[in-house]
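**Q** Have a peek at entry_38.cif (mmCIF, C-alpha atoms and all ligand atoms).
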```cif
data_input
#
loop_
_atom_site.label_atom_id
_atom_site.label_comp_id
_atom_site.auth_asym_id
_atom_site.auth_seq_id
_atom_site.Cartn_x
_atom_site.Cartn_y
_atom_site.Cartn_z
CA MET A 1 -8.31 -61.61 51.58
CA LYS A 2 -6.88 -64.36 49.41
CA HIS A 3 -8.88 -67.62 49.09
CA HIS A 4 -7.06 -70.88 48.75
CA PRO A 5 -8.01 -72.40 45.31
CA LEU A 6 -8.61 -75.83 46.88
CA LYS A 7 -11.04 -74.32 49.42
CA VAL A 8 -12.92 -72.54 46.62
CA MET A 9 -13.11 -75.80 44.65
CA LEU A 10 -14.43 -77.68 47.67
CA LEU A 11 -17.02 -74.99 48.30
CA ILE A 12 -18.20 -75.14 44.67
CA ILE A 13 -18.45 -78.97 44.79
CA PHE A 14 -20.42 -78.74 48.05
CA LEU A 15 -22.85 -76.18 46.60
CA VAL A 16 -23.43 -78.24 43.44
CA ILE A 17 -24.10 -81.43 45.43
CA TYR A 18 -26.38 -79.56 47.88
CA SER A 19 -28.44 -77.96 45.10
CA LEU A 20 -28.87 -81.35 43.36
CA HIS A 21 -30.01 -82.85 46.66
CA CYS A 22 -32.55 -80.06 47.15
CA GLU A 23 -33.92 -80.54 43.65
CA LYS A 24 -34.59 -84.20 44.38
CA ASN A 25 -36.01 -83.43 47.82
CA PRO A 26 -37.96 -80.19 47.42
CA SER A 27 -39.08 -80.39 51.05
CA GLN A 28 -35.51 -79.64 52.11
CA SER A 29 -35.43 -76.32 50.34
CA GLN A 30 -39.13 -75.27 50.49
CA LYS A 31 -41.65 -74.99 53.25
CA PRO A 32 -44.07 -77.92 53.36
CA GLN A 33 -47.28 -77.22 51.42
CA GLN A 34 -50.17 -76.09 53.63
CA PRO A 35 -53.40 -78.04 53.01
CA PRO A 36 -55.85 -75.73 51.20
CA THR A 37 -58.30 -73.96 53.50
CA LYS A 38 -61.92 -75.03 53.35
CA THR A 39 -64.19 -72.14 52.38
CA ASN A 40 -67.61 -73.77 52.83
CA ASP A 41 -69.32 -77.02 53.69
CA PHE A 42 -72.33 -76.90 51.39
CA LEU A 43 -71.01 -76.80 47.82
CA VAL A 44 -69.65 -79.69 45.75
CA ASP A 45 -66.36 -77.83 46.03
CA THR A 46 -65.51 -77.07 49.66
CA LEU A 47 -62.61 -74.97 48.36
CA ALA A 48 -64.83 -72.80 46.13
CA THR A 49 -63.76 -69.18 45.74
CA GLN A 50 -65.60 -66.42 47.63
CA GLU A 51 -67.19 -65.18 44.37
CA THR A 52 -68.50 -68.69 43.63
CA ILE A 53 -69.97 -69.05 47.11
CA ALA A 54 -71.57 -65.61 46.75
CA LEU A 55 -73.08 -66.57 43.38
CA PHE A 56 -74.62 -69.68 44.92
CA ARG A 57 -76.03 -67.79 47.91
CA ASN A 58 -77.42 -65.04 45.69
CA LEU A 59 -78.98 -67.59 43.34
CA GLN A 60 -80.64 -69.24 46.34
CA ASN A 61 -82.10 -65.89 47.40
CA LEU A 62 -82.92 -64.58 43.95
CA HIS A 63 -86.54 -65.74 44.14
CA SER A 64 -87.23 -62.97 46.68
CA ARG A 65 -86.91 -60.66 43.62
CA GLY A 66 -87.86 -63.00 40.76
CA PHE A 67 -86.07 -65.29 38.31
CA GLY A 68 -83.33 -64.47 35.82
CA PHE A 69 -84.08 -64.64 32.11
CA GLY A 70 -81.37 -66.53 30.22
CA HIS A 71 -80.43 -66.97 26.57
CA GLN A 72 -77.91 -69.32 24.94
CA ASP A 73 -75.11 -67.65 22.91
CA ASP A 74 -76.86 -64.31 23.39
CA LEU A 75 -73.83 -62.12 22.59
CA ALA A 76 -72.32 -64.37 19.93
CA TYR A 77 -74.97 -64.10 17.22
CA GLY A 78 -78.65 -63.69 16.54
CA VAL A 79 -81.15 -63.76 13.73
CA ASP A 80 -79.35 -61.93 10.86
CA TRP A 81 -76.14 -60.94 12.68
CA TRP A 82 -72.91 -62.58 13.80
CA ALA A 83 -70.32 -61.53 16.44
CA GLU A 84 -71.10 -57.79 16.56
CA PRO A 85 -69.76 -56.10 19.70
CA GLY A 86 -72.55 -55.25 22.16
CA GLN A 87 -75.23 -56.92 20.02
CA SER A 88 -77.96 -59.15 21.47
CA ASP A 89 -81.39 -60.10 20.09
CA VAL A 90 -82.82 -59.86 23.62
CA LYS A 91 -81.44 -56.33 24.02
CA ARG A 92 -82.63 -55.33 20.56
CA VAL A 93 -86.16 -56.32 21.60
CA CYS A 94 -86.42 -55.07 25.20
CA GLY A 95 -83.44 -52.76 25.79
CA ASP A 96 -81.67 -54.94 28.35
CA TYR A 97 -79.41 -57.97 28.22
CA PRO A 98 -80.46 -61.30 29.70
CA ALA A 99 -79.44 -62.02 33.29
CA VAL A 100 -78.05 -65.45 32.40
CA TYR A 101 -75.92 -66.41 29.41
CA GLY A 102 -75.44 -69.97 28.19
CA TRP A 103 -72.29 -71.11 26.35
CA ASP A 104 -71.18 -74.51 25.06
CA VAL A 105 -67.74 -76.12 24.89
CA GLY A 106 -68.63 -78.83 22.34
CA ASN A 107 -65.65 -79.18 19.93
CA ILE A 108 -63.20 -77.91 22.54
CA GLY A 109 -59.70 -78.03 21.08
CA LYS A 110 -60.83 -76.53 17.79
CA ALA A 111 -60.88 -72.79 17.12
CA ALA A 112 -64.69 -72.64 17.32
CA ASN A 113 -67.37 -74.63 19.14
CA LEU A 114 -69.90 -76.92 17.49
CA ASP A 115 -72.06 -73.95 16.52
CA GLY A 116 -69.18 -71.92 15.09
CA VAL A 117 -68.55 -69.66 18.12
CA SER A 118 -64.85 -68.84 18.46
CA PHE A 119 -63.55 -69.97 21.85
CA THR A 120 -61.42 -66.84 22.10
CA ASP A 121 -64.49 -64.65 21.54
CA MET A 122 -66.49 -66.79 24.00
CA LYS A 123 -63.94 -66.11 26.73
CA GLY A 124 -64.17 -62.40 25.97
CA TRP A 125 -67.97 -62.46 26.22
CA ILE A 126 -67.88 -64.42 29.48
CA ARG A 127 -65.54 -61.77 30.94
CA GLU A 128 -67.82 -59.01 29.60
CA VAL A 129 -70.88 -60.64 31.22
CA TYR A 130 -69.11 -60.95 34.56
CA GLY A 131 -67.98 -57.33 34.31
CA ARG A 132 -71.63 -56.25 33.96
CA GLY A 133 -72.75 -58.50 36.84
CA GLY A 134 -74.43 -61.18 34.70
CA ILE A 135 -74.32 -64.95 35.14
CA ASN A 136 -72.55 -67.49 32.90
CA THR A 137 -73.46 -71.15 32.49
CA VAL A 138 -71.58 -73.63 30.28
CA SER A 139 -72.93 -76.83 28.75
CA MET A 140 -70.91 -79.59 27.08
CA HIS A 141 -72.16 -81.03 23.78
CA LEU A 142 -68.93 -83.03 23.49
CA ALA A 143 -68.29 -85.34 20.56
CA ASN A 144 -68.66 -89.08 21.17
CA PRO A 145 -65.25 -89.90 22.68
CA VAL A 146 -65.15 -93.41 21.23
CA SER A 147 -66.67 -93.15 17.76
CA GLY A 148 -65.61 -89.56 17.12
CA GLY A 149 -69.18 -88.79 16.05
CA THR A 150 -71.18 -85.87 17.43
CA ALA A 151 -72.81 -85.58 20.86
CA TRP A 152 -75.90 -87.07 19.21
CA ASP A 153 -74.06 -90.26 18.25
CA ASN A 154 -75.49 -92.36 21.06
CA SER A 155 -73.38 -95.44 20.46
CA PRO A 156 -72.06 -96.61 23.87
CA ALA A 157 -68.93 -94.79 25.04
CA VAL A 158 -69.19 -94.15 28.78
CA ALA A 159 -67.88 -97.57 29.95
CA LYS A 160 -64.77 -97.05 27.80
CA ILE A 161 -63.90 -93.60 29.17
CA LEU A 162 -64.20 -94.52 32.84
CA PRO A 163 -61.01 -95.50 34.75
CA GLY A 164 -59.59 -98.71 33.29
CA GLY A 165 -61.41 -98.18 29.97
CA SER A 166 -59.65 -98.11 26.60
CA HIS A 167 -60.48 -94.41 26.05
CA HIS A 168 -59.97 -93.15 29.60
CA ALA A 169 -56.71 -91.29 28.97
CA SER A 170 -57.88 -89.71 25.73
CA TYR A 171 -61.12 -88.55 27.39
CA LEU A 172 -59.20 -86.99 30.28
CA ALA A 173 -57.17 -85.15 27.66
CA THR A 174 -60.44 -83.66 26.35
CA LEU A 175 -61.41 -82.66 29.89
CA ASP A 176 -57.94 -81.09 30.22
CA LEU A 177 -58.80 -78.81 27.29
CA ILE A 178 -62.00 -77.74 29.05
CA ALA A 179 -60.00 -77.20 32.25
CA ALA A 180 -57.58 -74.93 30.36
CA PHE A 181 -60.55 -72.97 28.97
CA LEU A 182 -62.05 -72.59 32.47
CA LYS A 183 -58.73 -71.53 33.99
CA ASP A 184 -58.50 -68.75 31.44
CA LEU A 185 -61.76 -67.19 32.67
CA LYS A 186 -60.24 -64.49 34.84
CA THR A 187 -60.64 -60.75 35.27
CA PRO A 188 -57.66 -58.48 34.55
CA GLN A 189 -57.17 -58.46 38.36
CA GLY A 190 -56.82 -62.26 38.35
CA VAL A 191 -60.23 -63.08 39.88
CA PHE A 192 -61.65 -66.34 38.52
CA ILE A 193 -65.10 -65.85 36.98
CA PRO A 194 -67.66 -68.23 38.52
CA ILE A 195 -69.25 -70.58 36.00
CA ILE A 196 -72.28 -72.82 36.41
CA LEU A 197 -71.09 -75.97 34.65
CA ARG A 198 -73.85 -78.13 33.21
CA PRO A 199 -72.29 -81.35 31.92
CA TYR A 200 -74.08 -84.40 30.52
CA HIS A 201 -77.53 -82.75 30.38
CA GLU A 202 -80.84 -84.36 29.38
CA HIS A 203 -79.30 -87.65 30.42
CA ASN A 204 -82.65 -89.33 31.08
CA HIS A 205 -83.37 -88.99 27.33
CA THR A 206 -81.59 -91.08 24.73
CA TRP A 207 -80.24 -88.74 22.04
CA SER A 208 -76.70 -88.43 23.46
CA TRP A 209 -73.81 -90.83 24.17
CA TRP A 210 -74.29 -90.13 27.91
CA GLY A 211 -78.05 -90.72 27.64
CA ALA A 212 -80.18 -93.42 29.22
CA SER A 213 -79.87 -95.90 26.33
CA ALA A 214 -76.08 -95.63 26.10
CA CYS A 215 -74.94 -96.18 29.69
CA THR A 216 -76.13 -97.69 32.96
CA VAL A 217 -77.09 -95.59 35.98
CA ASP A 218 -73.81 -96.50 37.68
CA GLU A 219 -71.81 -95.59 34.60
CA TYR A 220 -73.55 -92.21 34.32
CA ASN A 221 -72.95 -91.42 37.97
CA ALA A 222 -69.31 -92.53 37.71
CA LEU A 223 -68.84 -90.31 34.64
CA TRP A 224 -70.28 -87.33 36.51
CA ARG A 225 -68.10 -87.88 39.57
CA MET A 226 -64.96 -88.50 37.50
CA THR A 227 -65.55 -85.25 35.63
CA VAL A 228 -66.16 -83.18 38.77
CA SER A 229 -63.15 -84.68 40.45
CA HIS A 230 -60.95 -84.08 37.41
CA PHE A 231 -61.76 -80.36 37.40
CA ARG A 232 -61.93 -79.85 41.16
CA ASP A 233 -59.20 -82.15 42.49
CA THR A 234 -56.79 -82.81 39.64
CA HIS A 235 -56.95 -79.32 38.17
CA GLN A 236 -57.76 -77.46 41.39
CA ILE A 237 -60.44 -75.41 39.65
CA HIS A 238 -62.52 -73.76 42.35
CA HIS A 239 -64.80 -71.37 40.47
CA LEU A 240 -67.50 -73.83 39.40
CA LEU A 241 -71.02 -74.66 40.50
CA TYR A 242 -72.27 -77.97 39.12
CA ALA A 243 -75.77 -78.17 37.59
CA ILE A 244 -77.58 -81.35 36.62
CA SER A 245 -80.47 -81.11 34.18
CA PRO A 246 -82.69 -84.03 33.27
CA GLN A 247 -85.41 -83.33 30.73
CA GLU A 248 -89.20 -83.36 31.26
CA ILE A 249 -89.42 -85.39 34.40
CA SER A 250 -92.58 -85.52 36.50
CA SER A 251 -91.63 -86.91 39.91
CA GLU A 252 -88.86 -86.74 42.46
CA ALA A 253 -88.17 -90.47 42.00
CA GLU A 254 -87.77 -89.96 38.27
CA TYR A 255 -85.46 -87.01 38.93
CA LEU A 256 -83.25 -89.11 41.20
CA ALA A 257 -83.20 -92.21 38.98
CA ARG A 258 -79.97 -91.00 37.34
CA TYR A 259 -78.32 -88.74 39.87
CA PRO A 260 -74.75 -88.85 41.19
CA GLY A 261 -75.74 -87.77 44.73
CA ASP A 262 -76.22 -84.54 46.67
CA ARG A 263 -72.50 -84.22 47.33
CA TRP A 264 -71.91 -83.92 43.57
CA VAL A 265 -74.58 -81.41 42.54
CA ASP A 266 -75.16 -77.73 43.40
CA VAL A 267 -78.01 -76.84 41.06
CA LEU A 268 -81.07 -78.97 40.36
CA GLY A 269 -81.97 -78.03 36.82
CA LEU A 270 -84.67 -79.04 34.42
CA ASP A 271 -84.73 -78.90 30.61
CA TYR A 272 -88.24 -78.71 29.18
CA TYR A 273 -89.30 -78.55 25.53
CA ASN A 274 -92.96 -79.60 25.76
CA LEU A 275 -94.43 -76.14 26.29
CA THR A 276 -96.10 -76.24 22.88
CA THR A 277 -99.60 -76.28 24.30
CA LYS A 278 -101.27 -74.54 27.22
CA ASN A 279 -102.19 -78.01 28.45
CA ASN A 280 -98.57 -78.32 29.57
CA VAL A 281 -98.48 -75.14 31.64
CA VAL A 282 -99.68 -76.98 34.75
CA PRO A 283 -97.44 -80.06 34.25
CA LEU A 284 -94.40 -77.78 33.90
CA GLY A 285 -95.53 -75.75 36.94
CA LYS A 286 -95.79 -78.97 38.92
CA THR A 287 -92.32 -80.12 37.88
CA LEU A 288 -90.86 -76.74 38.83
CA GLU A 289 -92.56 -77.11 42.18
CA ILE A 290 -90.93 -80.54 42.59
CA ILE A 291 -87.41 -79.37 41.78
CA SER A 292 -87.78 -76.24 43.83
CA ASN A 293 -88.94 -78.23 46.88
CA MET A 294 -86.11 -80.72 46.33
CA ALA A 295 -83.62 -77.85 46.16
CA ALA A 296 -84.99 -76.28 49.35
CA ALA A 297 -84.77 -79.59 51.22
CA ARG A 298 -81.18 -80.15 50.06
CA ASN A 299 -79.85 -76.59 50.38
CA LYS A 300 -79.41 -76.30 46.60
CA VAL A 301 -80.58 -74.04 43.79
CA ALA A 302 -83.40 -74.93 41.36
CA ALA A 303 -83.44 -73.67 37.77
CA LEU A 304 -85.19 -74.11 34.45
CA THR A 305 -81.87 -74.71 32.70
CA GLU A 306 -83.38 -74.97 29.18
CA VAL A 307 -86.84 -74.18 27.94
CA GLY A 308 -88.42 -72.92 24.76
CA VAL A 309 -90.24 -73.66 21.56
CA GLU A 310 -88.42 -73.38 18.25
CA LYS A 311 -89.48 -70.23 16.34
CA VAL A 312 -91.82 -69.25 19.22
CA PRO A 313 -94.90 -69.72 17.04
CA TYR A 314 -97.39 -68.47 19.67
CA ALA A 315 -97.91 -64.72 20.07
CA ASP A 316 -98.49 -65.02 23.82
CA TRP A 317 -95.92 -67.71 24.58
CA TRP A 318 -93.91 -65.60 27.04
CA THR A 319 -96.72 -64.71 29.42
CA GLY A 320 -99.42 -67.25 28.49
CA TYR A 321 -97.16 -70.30 28.59
CA LEU A 322 -93.74 -69.72 30.21
CA LEU A 323 -94.64 -67.14 32.85
CA ALA A 324 -97.91 -68.94 33.58
CA ALA A 325 -96.00 -72.16 34.33
CA ILE A 326 -93.42 -70.43 36.53
CA LYS A 327 -96.23 -68.64 38.40
CA TYR A 328 -98.07 -71.92 38.97
CA SER A 329 -97.38 -71.87 42.73
CA THR A 330 -95.26 -70.17 45.39
CA ALA A 331 -92.80 -73.10 45.08
CA SER A 332 -92.58 -73.11 41.27
CA ARG A 333 -91.72 -69.38 41.35
CA LYS A 334 -88.61 -70.16 43.34
CA ILE A 335 -86.47 -71.17 40.38
CA ALA A 336 -83.36 -69.01 40.02
CA TRP A 337 -83.46 -68.70 36.23
CA ALA A 338 -85.09 -69.87 32.99
CA LEU A 339 -82.90 -70.05 29.88
CA VAL A 340 -84.06 -70.28 26.28
CA TRP A 341 -81.87 -71.76 23.55
CA ARG A 342 -79.98 -70.06 20.76
CA ASN A 343 -81.04 -67.70 17.97
CA ALA A 344 -79.20 -69.34 15.10
CA SER A 345 -81.40 -68.27 12.17
CA LYS A 346 -84.97 -67.48 11.13
CA SER A 347 -85.69 -71.22 11.17
CA HIS A 348 -83.93 -72.05 14.47
CA PHE A 349 -84.43 -69.52 17.27
CA PHE A 350 -85.93 -69.48 20.76
CA ALA A 351 -85.79 -65.81 21.82
CA PRO A 352 -87.61 -63.08 19.88
CA TYR A 353 -85.88 -60.67 17.52
CA PRO A 354 -87.19 -57.28 16.33
CA GLY A 355 -90.36 -57.75 14.34
CA HIS A 356 -91.10 -61.26 15.60
CA LEU A 357 -94.75 -62.09 16.31
CA SER A 358 -94.10 -62.69 20.02
CA MET A 359 -92.27 -59.38 20.50
CA ALA A 360 -95.14 -57.46 22.12
CA ASP A 361 -95.75 -60.29 24.57
CA PHE A 362 -92.04 -60.49 25.31
CA LEU A 363 -92.17 -56.81 26.35
CA THR A 364 -95.03 -57.62 28.75
CA PHE A 365 -92.92 -60.51 30.06
CA TYR A 366 -89.92 -58.16 30.39
CA GLN A 367 -92.02 -55.67 32.38
CA ASP A 368 -93.44 -58.29 34.73
CA PRO A 369 -91.90 -57.79 38.20
CA LEU A 370 -91.01 -61.48 38.40
CA THR A 371 -88.69 -61.47 35.36
CA LEU A 372 -85.15 -60.28 35.99
CA PHE A 373 -82.93 -59.08 33.20
CA GLU A 374 -79.31 -58.04 33.65
CA ARG A 375 -80.01 -54.57 35.07
CA ASP A 376 -82.45 -56.07 37.60
CA LEU A 377 -79.87 -58.36 39.18
CA PRO A 378 -78.52 -57.63 42.63
CA LYS A 379 -74.74 -57.90 43.02
CA MET A 380 -74.32 -61.65 42.47
CA TYR A 381 -70.65 -62.01 43.41
CA GLU A 382 -70.51 -60.27 46.80
C1 LIG B 1 -79.28 -77.97 19.69
C2 LIG B 1 -79.41 -77.21 18.38
C3 LIG B 1 -78.19 -77.52 17.57
C4 LIG B 1 -76.94 -77.12 18.38
C5 LIG B 1 -76.96 -77.71 19.77
C6 LIG B 1 -75.84 -77.22 20.63
O1 LIG B 1 -80.43 -77.90 20.44
O2 LIG B 1 -79.51 -75.83 18.62
O3 LIG B 1 -78.22 -76.79 16.37
O4 LIG B 1 -75.77 -77.53 17.71
O5 LIG B 1 -78.18 -77.45 20.40
O6 LIG B 1 -75.89 -75.83 20.81
#
```
Output the file's structure in the form of C-alpha cells.
Ligand code: BMA

**A**
Amino acid sequence: MKHHPLKVMLLIIFLVIYSLHCEKNPSQSQKPQQPPTKTNDFLVDTLATQETIALFRNLQNLHSRGFGFGHQDDLAYGVDWWAEPGQSDVKRVCGDYPAVYGWDVGNIGKAANLDGVSFTDMKGWIREVYGRGGINTVSMHLANPVSGGTAWDNSPAVAKILPGGSHHASYLATLDLIAAFLKDLKTPQGVFIPIILRPYHEHNHTWSWWGASACTVDEYNALWRMTVSHFRDTHQIHHLLYAISPQEISSEAEYLARYPGDRWVDVLGLDYYNLTTKNNVVPLGKTLEIISNMAAARNKVAALTEVGVEKVPYADWWTGYLLAAIKYSTASRKIAWALVWRNASKSHFFAPYPGHLSMADFLTFYQDPLTLFERDLPKMYE
C-alpha cells in the first residue's frame, strides 16, 4: 500500500506534538502514582520495610533470651591490626563476633570517616554483618556545619541549619550524602539492610554542636525531626529505626527534657561512661530500669547504646561492673543491647584484646546466659 507523503508528514507532526504534550503532563501517559502502602503503625516510619519491622519486634523480644553485646568499628580495626578480613578483637578473645556493630558517618563525603574507616569498606562490613544475622547501628559525629570544625566544636550551629537558616541548604546537602550511603546498604538481592540510626547523641551534655549549651530544646527537637523527615520523606528511606541516646541521666523527666516526641523515636538509648567505680553499678542499674520501663510503656526498645571505660583498667569490669548493673533488676535486664566503644590503640580501647587483663573476666561474661553474641541471636530480620 502506498502512503500519501502529506499524510505521513501529518502523522509525524501529530506524534511529535503528542509526545511533547505527554512529557509535560506525565499523568497523560503514565498511571497515577499509588500512595505508598502503610506497613505498620508503631514505628517512626509507617512505611518501614518488613525486615526493619522484624528487627524492631525481635529487639523488643530479645530480653527473653538476654541482651546483645555490641562493639564500635569491630570489624574495621583493633589493637595492633587494621582492616583485616574476618578480624575482630572480640572474636580473637572469645571466639564469636559481637551481636551489634556500631559505625559512624562523621566526615561523610570524604573517602574515610573521622576515625579513618573507608566508607566503601564500611558498607562491605555492614553487608557482611547482615549476612551473618548481626545488627548494625550508625552514629553521626558530623563536623560543625557552620564553623567547619569537628563534632566537638560546640559553637552554635543548629539555629542556622534549620529551615530559613543561612546554612540550611548546605546542611541538607550533607544529609543527602548520608542518604546516599544508606541507600547503598543493600544485599545482592536488593533487600535494604535495616540500620539503627543514632543521630545527635549525648545531646544533654555540652561537648558537641548539637549539645545542651549550643542549642535550645526547641532547636534540638526541630533538628531531630528535620533529619528524620529528610531521610524518611524526602529520600523515601524506609530501612531505619531511630535511636535517641542522652548520656548519664537519672530520671524520666531528665530523659524527656530534650526529646523530639514518641512519634520520632523508636529506641530509647542511654550512653554511660561513669562505670569507673562499683558505686555506680546501682545508679546505672536504676537508669536502665527507668529507660526500660519507659520503653515498655511506649512500645519502644531500650538499649545501652554506649558504655565502657577506656582501657578497661579493672580485671572484673565485665561481670563485676557491667553485668552487675544490667542484672540490677528484672526491668534493667530488659535492654536489647549494650555497646562498647572502639579499639583504636593500646591507649584508647573499650573491648578486650588477647592478653588484656580483663580477658578472663570477659570470657566469664561471654559464657553468662544473659549475654548474646552473634551466634546466640535468633533470626532478627524475619
Ligand atoms: C570518641 C573517640 C574519638 C573518636 C570518636 C568518634 O569517643 O573514640 O577518638 O573520633 O569517638 O568515633

**Q** Let me have the centre and edge lengths in Å, one decimal, of the box along x, y and z around every listed atom of ligand LIG 1 (chain B) with 4 Å of margin on each side, as lines of an AutoDock Vina configuration file.

**A**
```
center_x = -78.1
center_y = -76.9
center_z = 18.6
size_x = 12.7
size_y = 10.1
size_z = 12.4
```

**Q** Pull the closest atom pair for each residue of chain A that gets at most 9 Å from ligand LIG 1 (chain B), along with the distance in Å to one decimal, counting all atoms listed in the file, ordering rows by chain and then ascending residue number, as CSV.

**A**
```
residue,atom,partner,partner_atom,distance
A:Gln72,CA,B:LIG1,O6,8.0
A:Asp73,CA,B:LIG1,O6,8.5
A:Trp103,CA,B:LIG1,O6,8.1
A:Asp104,CA,B:LIG1,O6,6.5
A:Gly106,CA,B:LIG1,C6,7.6
A:Asn113,CA,B:LIG1,O6,8.8
A:Leu114,CA,B:LIG1,O4,5.9
A:Asp115,CA,B:LIG1,O4,5.3
A:Ser139,CA,B:LIG1,O6,8.5
A:Met140,CA,B:LIG1,C6,8.5
A:His141,CA,B:LIG1,C6,6.2
A:Ala151,CA,B:LIG1,C6,8.9
A:Trp341,CA,B:LIG1,O2,6.8
A:Arg342,CA,B:LIG1,O2,6.2
A:Asn343,CA,B:LIG1,O2,8.3
A:Ala344,CA,B:LIG1,O2,7.4
A:His348,CA,B:LIG1,O2,7.1
A:Phe349,CA,B:LIG1,O2,8.1
```

**Q** I need the residue nearest Asp218 of chain A from this list: A:Met294, A:Arg232, A:Ala159, A:Gln247. Use all atoms listed in the file for the distance.

**A** A:Ala159

**Q** Hey, which of A:Ala315, A:Leu284, A:Leu223, A:Leu175 ends up closest to Phe362 of chain A? Count all atoms listed in the file.

**A**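 Nearest candidate to Phe362 of chain A out of A:Ala315, A:Leu284, A:Leu223, A:Leu175: A:Ala315.
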
**Q** With distances taken over all atoms listed in the file, which residue among A:Trp125, A:Asp45, A:Phe67, A:Asp361 lies nearest Ile326 of chain A?

**A**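 Of the candidates, the smallest distance to Ile326 of chain A is held by A:Phe67.
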
**Q** Would you pick out the contacts of Phe231 of chain A at 10 Å or less, using all atoms listed in the file, so that residues sharing its chain but fewer than 2 positions from it are not included, and give the list as JSON, numbers by chain?

**A** {"A": [175, 176, 178, 179, 180, 182, 183, 226, 227, 228, 229, 233, 234, 235, 236, 237, 238, 239, 240]}

**Q** Taking (-60.8, -62.8, 47.3) in the file's coordinates as the center, which residues reach within 12 Å of it, counting only C-alpha atoms, put as a list of chain:residue names?

**A**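 The distance filter leaves exactly A:Thr39, A:Ala48, A:Thr49, A:Gln50, A:Glu51, A:Thr52, A:Ile53, A:Ala54, A:Gln189, A:Gly190, A:Val191, A:Phe192, A:Ile193, A:His239, A:Tyr381, A:Glu382.
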
**Q** Segment 128-130 of chain A: which residues within 9 Å, counting only C-alpha atoms, same-chain residues fewer than 2 positions away excluded, as an mmCIF file with C-alpha atoms, in the coordinates of the input?

**A**
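Final output, result03.cif:
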```cif
data_model
loop_
_atom_site.group_PDB
_atom_site.id
_atom_site.type_symbol
_atom_site.label_atom_id
_atom_site.label_comp_id
_atom_site.auth_asym_id
_atom_site.auth_seq_id
_atom_site.Cartn_x
_atom_site.Cartn_y
_atom_site.Cartn_z
ATOM 1 C CA ALA A 99 -79.440 -62.020 33.290
ATOM 2 C CA VAL A 100 -78.050 -65.450 32.400
ATOM 3 C CA TYR A 101 -75.920 -66.410 29.410
ATOM 4 C CA LYS A 123 -63.940 -66.110 26.730
ATOM 5 C CA GLY A 124 -64.170 -62.400 25.970
ATOM 6 C CA TRP A 125 -67.970 -62.460 26.220
ATOM 7 C CA ILE A 126 -67.880 -64.420 29.480
ATOM 8 C CA ARG A 132 -71.630 -56.250 33.960
ATOM 9 C CA GLY A 133 -72.750 -58.500 36.840
ATOM 10 C CA GLY A 134 -74.430 -61.180 34.700
ATOM 11 C CA ILE A 135 -74.320 -64.950 35.140
ATOM 12 C CA ASN A 136 -72.550 -67.490 32.900
ATOM 13 C CA THR A 187 -60.640 -60.750 35.270
ATOM 14 C CA ILE A 193 -65.100 -65.850 36.980
ATOM 15 C CA PRO A 194 -67.660 -68.230 38.520
#
```

**Q** Report, in Å with one decimal, the straight-line distance from atom CA of Leu275 of chain A to atom CA of His201 of chain A.

**A**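 Going from atom CA of Leu275 of chain A over to atom CA of His201 of chain A, I get 18.6 Å.
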
**Q** Could you state the separation of atom CA of Asn40 of chain A and atom CA of Phe69 of chain A in Å, given to one decimal place?

**A**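 These atoms are spaced 28.0 Å apart.
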
**Q** Please provide the set of residues having any atom within 8 Å of segment 329-338 of chain A, restricted to all atoms listed in the file, with same-chain residues fewer than 3 positions apart removed, written as a list in words.

**A**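 Here the answer would be Leu59, Gln60, Leu62, His63, Gly66, Phe67, Gly68, Phe69, Gly70, Val100, Gly285, Lys286, Thr287, Leu288, Glu289, Ile290, Ser292, Asn293, Val301, Ala302, Ala303, Leu304, Thr305, Glu306, Val307, Ala325 and Ile326 of chain A.
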
**Q** Just want the 10 Å neighbourhood of Cys215 of chain A, counted on only C-alpha atoms, with same-chain residues fewer than 5 positions away dropped. Output as a PyMOL selection string.

**A** chain A and resi 154-159+203+206+209-210+220-221+223

**Q** May I have the residues from that selection written out with C-alpha atoms, as a JSON list (two decimals), in the coordinates of the input?

**A**
```
[["chain", "number", "residue", "atom", "x", "y", "z"],
["A", 154, "ASN", "CA", -75.49, -92.36, 21.06],
["A", 155, "SER", "CA", -73.38, -95.44, 20.46],
["A", 156, "PRO", "CA", -72.06, -96.61, 23.87],
["A", 157, "ALA", "CA", -68.93, -94.79, 25.04],
["A", 158, "VAL", "CA", -69.19, -94.15, 28.78],
["A", 159, "ALA", "CA", -67.88, -97.57, 29.95],
["A", 203, "HIS", "CA", -79.30, -87.65, 30.42],
["A", 206, "THR", "CA", -81.59, -91.08, 24.73],
["A", 209, "TRP", "CA", -73.81, -90.83, 24.17],
["A", 210, "TRP", "CA", -74.29, -90.13, 27.91],
["A", 220, "TYR", "CA", -73.55, -92.21, 34.32],
["A", 221, "ASN", "CA", -72.95, -91.42, 37.97],
["A", 223, "LEU", "CA", -68.84, -90.31, 34.64]]
```
